[in-house]
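Enquirer: Below is final.pdb; it holds PDB, C-alpha atoms, pLDDT in the B column.
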ATOM      1  CA  MET A 912     -35.897 -17.394 -36.266  1.00 68.00           C
ATOM      2  CA  ASN A 913     -35.151 -20.846 -34.878  1.00 88.00           C
ATOM      3  CA  SER A 914     -34.435 -21.807 -31.296  1.00 91.00           C
ATOM      4  CA  GLN A 915     -30.655 -21.972 -31.806  1.00 93.00           C
ATOM      5  CA  THR A 916     -30.530 -18.406 -33.076  1.00 93.00           C
ATOM      6  CA  THR A 917     -32.707 -17.263 -30.193  1.00 94.00           C
ATOM      7  CA  GLY A 918     -30.499 -19.100 -27.706  1.00 95.00           C
ATOM      8  CA  LEU A 919     -27.345 -17.524 -29.122  1.00 96.00           C
ATOM      9  CA  LYS A 920     -28.874 -14.051 -28.943  1.00 96.00           C
ATOM     10  CA  VAL A 921     -30.042 -14.585 -25.359  1.00 97.00           C
ATOM     11  CA  ALA A 922     -26.557 -15.801 -24.400  1.00 97.00           C
ATOM     12  CA  ALA A 923     -25.021 -12.760 -26.120  1.00 97.00           C
ATOM     13  CA  VAL A 924     -27.278 -10.396 -24.167  1.00 97.00           C
ATOM     14  CA  VAL A 925     -26.504 -12.154 -20.871  1.00 98.00           C
ATOM     15  CA  PHE A 926     -22.752 -11.978 -21.527  1.00 98.00           C
ATOM     16  CA  GLY A 927     -23.126  -8.330 -22.534  1.00 98.00           C
ATOM     17  CA  LEU A 928     -24.970  -7.453 -19.309  1.00 98.00           C
ATOM     18  CA  MET A 929     -22.333  -9.210 -17.233  1.00 98.00           C
ATOM     19  CA  ALA A 930     -19.598  -7.316 -19.126  1.00 98.00           C
ATOM     20  CA  LEU A 931     -21.402  -4.033 -18.393  1.00 98.00           C
ATOM     21  CA  ALA A 932     -21.554  -4.927 -14.706  1.00 97.00           C
ATOM     22  CA  GLN A 933     -17.794  -5.514 -14.680  1.00 97.00           C
ATOM     23  CA  ALA A 934     -17.238  -2.204 -16.495  1.00 97.00           C
ATOM     24  CA  ALA A 935     -19.397  -0.467 -13.876  1.00 97.00           C
ATOM     25  CA  ARG A 936     -17.252  -1.982 -11.114  1.00 96.00           C
ATOM     26  CA  LEU A 937     -14.136  -0.701 -12.862  1.00 96.00           C
ATOM     27  CA  ALA A 938     -15.652   2.782 -13.204  1.00 97.00           C
ATOM     28  CA  ALA A 939     -16.943   2.980  -9.621  1.00 97.00           C
ATOM     29  CA  GLN A 940     -13.870   1.337  -8.053  1.00 95.00           C
ATOM     30  CA  PRO A 941     -15.645   0.170  -4.887  1.00 95.00           C
ATOM     31  CA  GLU A 942     -13.651  -1.373  -2.067  1.00 93.00           C
ATOM     32  CA  VAL A 943     -14.535  -5.070  -1.970  1.00 92.00           C
ATOM     33  CA  LEU A 944     -13.208  -7.088   0.947  1.00 94.00           C
ATOM     34  CA  VAL A 945     -12.754 -10.869   0.743  1.00 93.00           C
ATOM     35  CA  ALA A 946     -11.877 -12.416   4.099  1.00 95.00           C
ATOM     36  CA  GLY A 947     -10.739  -8.977   5.248  1.00 95.00           C
ATOM     37  CA  SER A 948      -8.409  -8.367   2.303  1.00 96.00           C
ATOM     38  CA  PRO A 949      -9.189  -5.895  -0.500  1.00 95.00           C
ATOM     39  CA  MET A 950     -10.005  -7.453  -3.884  1.00 94.00           C
ATOM     40  CA  PRO A 951      -7.963  -5.887  -6.717  1.00 95.00           C
ATOM     41  CA  LEU A 952      -9.616  -4.487  -9.846  1.00 95.00           C
ATOM     42  CA  TRP A 953      -7.624  -6.466 -12.415  1.00 95.00           C
ATOM     43  CA  PRO A 954      -9.923  -9.540 -12.243  1.00 94.00           C
ATOM     44  CA  SER A 955     -12.834  -7.299 -13.233  1.00 95.00           C
ATOM     45  CA  ALA A 956     -10.870  -5.947 -16.182  1.00 97.00           C
ATOM     46  CA  LEU A 957     -10.051  -9.480 -17.293  1.00 98.00           C
ATOM     47  CA  ALA A 958     -13.670 -10.570 -16.812  1.00 98.00           C
ATOM     48  CA  PHE A 959     -14.870  -7.581 -18.858  1.00 98.00           C
ATOM     49  CA  VAL A 960     -12.634  -8.491 -21.800  1.00 98.00           C
ATOM     50  CA  ILE A 961     -13.602 -12.173 -21.705  1.00 98.00           C
ATOM     51  CA  LEU A 962     -17.338 -11.534 -21.288  1.00 98.00           C
ATOM     52  CA  ALA A 963     -17.441  -8.864 -23.990  1.00 98.00           C
ATOM     53  CA  GLY A 964     -15.580 -11.192 -26.346  1.00 98.00           C
ATOM     54  CA  LEU A 965     -17.971 -14.054 -25.650  1.00 98.00           C
ATOM     55  CA  GLY A 966     -20.970 -11.777 -26.143  1.00 97.00           C
ATOM     56  CA  LEU A 967     -19.693 -10.542 -29.499  1.00 97.00           C
ATOM     57  CA  TRP A 968     -18.859 -14.072 -30.575  1.00 97.00           C
ATOM     58  CA  MET A 969     -22.340 -15.352 -29.725  1.00 97.00           C
ATOM     59  CA  TRP A 970     -23.999 -12.414 -31.480  1.00 96.00           C
ATOM     60  CA  ARG A 971     -21.951 -13.019 -34.625  1.00 96.00           C
ATOM     61  CA  LEU A 972     -22.838 -16.703 -34.591  1.00 95.00           C
ATOM     62  CA  ALA A 973     -26.521 -15.817 -34.285  1.00 94.00           C
ATOM     63  CA  ARG A 974     -26.301 -13.476 -37.280  1.00 92.00           C
ATOM     64  CA  LEU A 975     -24.629 -16.125 -39.471  1.00 87.00           C
ATOM     65  CA  ARG A 976     -27.470 -18.611 -39.005  1.00 71.00           C
TER      66      ARG A 976
END
Could you show the structure in this file as structure tokens?
Expert:
Amino acid sequence: MNSQTTGLKVAAVVFGLMALAQAARLAAQPEVLVAGSPMPLWPSALAFVILAGLGLWMWRLARLR
């Protein structure tokens, strides 16, 4: 395993963990206040989709090498 493959796998795991954190926020639905206003949940849903996609993409690239 070369350093590029290792780097891609590490990036995939990091993106996957961040996606799981966003999914946990969606499941728990905590009230998050930003400057006194509640933060909606849709940015977390968008972040989950993007992060999960990036994680899968990186993992696939690592497997092709």
Enquirer: So that I can check the surroundings of Ala934 (chain A), please list as a VMD selection string every protein, DNA and RNA residue that reaches within 9 Å of it, counting all atoms listed in the file and ignoring chain neighbours fewer than 5 positions away.
Expert: chain A and resid 929 939 955 to 956 959
Enquirer: Could you state which residues are captured by the PyMOL selection byres ((chain A and resi 924) around 12) in this file, as a VMD selection string?
Expert: chain A and resid 917 to 923 925 to 931 962 to 970 973
Enquirer: Work out how far CA of Ala932 (chain A) is from CA of Ser914 (chain A), in Å to one decimal.
Expert: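 Spanning CA of Ser914 (chain A) to CA of Ala932 (chain A) is a straight-line distance of 26.9 Å.
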Enquirer: Could you work out an axis-aligned box for region 922-935 of chain A, taking every atom the file lists and adding 8 Å on each side, and report centre and edge lengths in Å to one decimal, as AutoDock Vina command-line options?
Expert:
--center_x -22.3 --center_y -8.1 --center_z -20.0 --size_x 26.0 --size_y 31.3 --size_z 28.2
Enquirer: Can you measure CA of Leu937 (chain A) to CA of Ile961 (chain A) for me? One decimal in Å is fine.
Expert: 14.5 Å
Enquirer: Please report the interatomic distance between CA of Leu952 (chain A) and CA of Ala938 (chain A) in Å with one decimal.
Expert: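 Spanning CA of Leu952 (chain A) to CA of Ala938 (chain A) is a straight-line distance of 10.0 Å.
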